[in-house]
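The structure under discussion appears below in the form of structure tokens.
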Amino acid sequence: MSELAIKIGKNIKFFRKMKAISQEKLALLCNIDRSYIGRIERGEVNLTVEKLYEISTALEIDIKELLP
């Protein structure tokens, strides 16, 4: 796991919880599997820019807010 992936995952989790969205709902909004959201939040996967954009759009935040 890279430090960058971990930091991005923590930011995604922070905004998801702040907006009271479950992993399952976020996954549905992004058209990905719920377990993949968990892996993203733990920093276990390297996201594509496209997926990062989809997640930021679903969370209704600017993509820059997810970057450390």
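Residue numbering restarts at 1 for every chain of the structure tokens, chains are lettered A, B, ... in their displayed order, and ligands are numbered from 1 as they appear.
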Practice item. Run DSSP on the backbone and give me the residues of chain A it puts in helix (DSSP H, G or I), as a ChimeraX atom specification. Key: /A:3-18,23-30,34-41,49-58,63-66
Would you mind exporting the chosen residues as a short mmCIF file (atom, residue, chain, number, x, y, z; two decimals), in the first residue's frame, restricted to N, CA and C atoms?
data_model
loop_
_atom_site.label_atom_id
_atom_site.label_comp_id
_atom_site.auth_asym_id
_atom_site.auth_seq_id
_atom_site.Cartn_x
_atom_site.Cartn_y
_atom_site.Cartn_z
N GLU A 3 1.58 5.28 0.55
CA GLU A 3 1.14 6.31 1.49
C GLU A 3 0.06 7.20 0.85
N LEU A 4 0.22 7.49 -0.44
CA LEU A 4 -0.76 8.31 -1.15
C LEU A 4 -2.12 7.63 -1.19
N ALA A 5 -2.15 6.34 -1.51
CA ALA A 5 -3.42 5.61 -1.57
C ALA A 5 -4.09 5.58 -0.20
N ILE A 6 -3.31 5.44 0.85
CA ILE A 6 -3.86 5.42 2.21
C ILE A 6 -4.48 6.77 2.56
N LYS A 7 -3.78 7.86 2.23
CA LYS A 7 -4.29 9.20 2.53
C LYS A 7 -5.56 9.50 1.74
N ILE A 8 -5.58 9.14 0.48
CA ILE A 8 -6.78 9.35 -0.33
C ILE A 8 -7.94 8.54 0.23
N GLY A 9 -7.68 7.29 0.59
CA GLY A 9 -8.71 6.44 1.18
C GLY A 9 -9.29 7.02 2.45
N LYS A 10 -8.42 7.56 3.31
CA LYS A 10 -8.89 8.18 4.55
C LYS A 10 -9.74 9.41 4.25
N ASN A 11 -9.35 10.18 3.24
CA ASN A 11 -10.14 11.35 2.87
C ASN A 11 -11.52 10.95 2.34
N ILE A 12 -11.55 9.91 1.53
CA ILE A 12 -12.84 9.43 1.00
C ILE A 12 -13.73 8.98 2.17
N LYS A 13 -13.17 8.23 3.08
CA LYS A 13 -13.94 7.75 4.23
C LYS A 13 -14.44 8.93 5.07
N PHE A 14 -13.58 9.94 5.28
CA PHE A 14 -13.97 11.12 6.06
C PHE A 14 -15.18 11.81 5.44
N PHE A 15 -15.12 12.11 4.14
CA PHE A 15 -16.22 12.81 3.49
C PHE A 15 -17.46 11.94 3.39
N ARG A 16 -17.28 10.64 3.18
CA ARG A 16 -18.43 9.73 3.12
C ARG A 16 -19.17 9.73 4.46
N LYS A 17 -18.43 9.64 5.56
CA LYS A 17 -19.06 9.63 6.88
C LYS A 17 -19.65 10.99 7.22
N MET A 18 -18.96 12.07 6.81
CA MET A 18 -19.45 13.41 7.07
C MET A 18 -20.81 13.64 6.40
N GLN A 23 -21.07 2.79 2.75
CA GLN A 23 -20.21 2.27 1.68
C GLN A 23 -21.06 1.71 0.55
N GLU A 24 -22.13 1.04 0.92
CA GLU A 24 -23.00 0.43 -0.08
C GLU A 24 -23.64 1.50 -0.98
N LYS A 25 -24.12 2.58 -0.38
CA LYS A 25 -24.74 3.64 -1.18
C LYS A 25 -23.70 4.31 -2.09
N LEU A 26 -22.51 4.57 -1.55
CA LEU A 26 -21.46 5.18 -2.37
C LEU A 26 -21.10 4.26 -3.53
N ALA A 27 -21.01 2.98 -3.25
CA ALA A 27 -20.70 2.01 -4.30
C ALA A 27 -21.77 2.03 -5.39
N LEU A 28 -23.04 2.09 -5.00
CA LEU A 28 -24.13 2.15 -5.98
C LEU A 28 -24.05 3.43 -6.82
N LEU A 29 -23.75 4.55 -6.17
CA LEU A 29 -23.64 5.81 -6.88
C LEU A 29 -22.49 5.81 -7.89
N CYS A 30 -21.43 5.06 -7.57
CA CYS A 30 -20.24 5.01 -8.43
C CYS A 30 -20.24 3.80 -9.35
N ARG A 34 -19.30 -2.82 -3.34
CA ARG A 34 -19.12 -2.27 -2.00
C ARG A 34 -17.78 -2.67 -1.40
N SER A 35 -17.36 -3.90 -1.64
CA SER A 35 -16.08 -4.35 -1.07
C SER A 35 -14.91 -3.57 -1.66
N TYR A 36 -15.08 -3.10 -2.90
CA TYR A 36 -14.03 -2.29 -3.54
C TYR A 36 -13.92 -0.93 -2.85
N ILE A 37 -15.05 -0.36 -2.43
CA ILE A 37 -15.02 0.89 -1.66
C ILE A 37 -14.23 0.69 -0.38
N GLY A 38 -14.45 -0.43 0.29
CA GLY A 38 -13.70 -0.72 1.51
C GLY A 38 -12.21 -0.80 1.25
N ARG A 39 -11.84 -1.45 0.16
CA ARG A 39 -10.42 -1.57 -0.21
C ARG A 39 -9.83 -0.20 -0.55
N ILE A 40 -10.62 0.65 -1.20
CA ILE A 40 -10.17 2.01 -1.52
C ILE A 40 -9.91 2.77 -0.23
N GLU A 41 -10.87 2.71 0.70
CA GLU A 41 -10.75 3.45 1.95
C GLU A 41 -9.58 2.97 2.80
N VAL A 49 -7.90 7.99 -12.21
CA VAL A 49 -8.43 9.35 -12.11
C VAL A 49 -9.94 9.33 -12.34
N GLU A 50 -10.37 8.48 -13.25
CA GLU A 50 -11.80 8.38 -13.55
C GLU A 50 -12.60 7.95 -12.32
N LYS A 51 -12.14 6.92 -11.60
CA LYS A 51 -12.85 6.45 -10.40
C LYS A 51 -12.81 7.51 -9.31
N LEU A 52 -11.67 8.18 -9.17
CA LEU A 52 -11.57 9.24 -8.17
C LEU A 52 -12.57 10.35 -8.47
N TYR A 53 -12.72 10.68 -9.75
CA TYR A 53 -13.68 11.70 -10.16
C TYR A 53 -15.11 11.24 -9.87
N GLU A 54 -15.42 9.98 -10.16
CA GLU A 54 -16.76 9.45 -9.90
C GLU A 54 -17.08 9.51 -8.41
N ILE A 55 -16.11 9.17 -7.58
CA ILE A 55 -16.32 9.20 -6.13
C ILE A 55 -16.53 10.63 -5.66
N SER A 56 -15.71 11.56 -6.13
CA SER A 56 -15.86 12.96 -5.70
C SER A 56 -17.21 13.51 -6.16
N THR A 57 -17.65 13.13 -7.34
CA THR A 57 -18.95 13.57 -7.84
C THR A 57 -20.07 13.00 -6.97
N ALA A 58 -19.98 11.73 -6.63
CA ALA A 58 -21.00 11.09 -5.78
C ALA A 58 -21.03 11.74 -4.39
N ILE A 63 -12.80 17.25 -6.54
CA ILE A 63 -11.82 16.15 -6.52
C ILE A 63 -10.57 16.53 -5.74
N LYS A 64 -10.22 17.81 -5.75
CA LYS A 64 -9.02 18.28 -5.02
C LYS A 64 -9.11 18.00 -3.53
N GLU A 65 -10.33 17.95 -3.00
CA GLU A 65 -10.50 17.72 -1.57
C GLU A 65 -10.10 16.31 -1.14
N LEU A 66 -10.05 15.40 -2.10
CA LEU A 66 -9.65 14.03 -1.78
C LEU A 66 -8.15 13.82 -1.80
#
Practice item. Between atom CA of Lys19 of chain A and atom CA of Ile61 of chain A, measure the distance and give it in Å to one decimal. Key: 10.5 Å
Review point. By how many Å are atom CA of Val45 of chain A and atom CA of Met1 of chain A apart?
Key: 7.4 Å
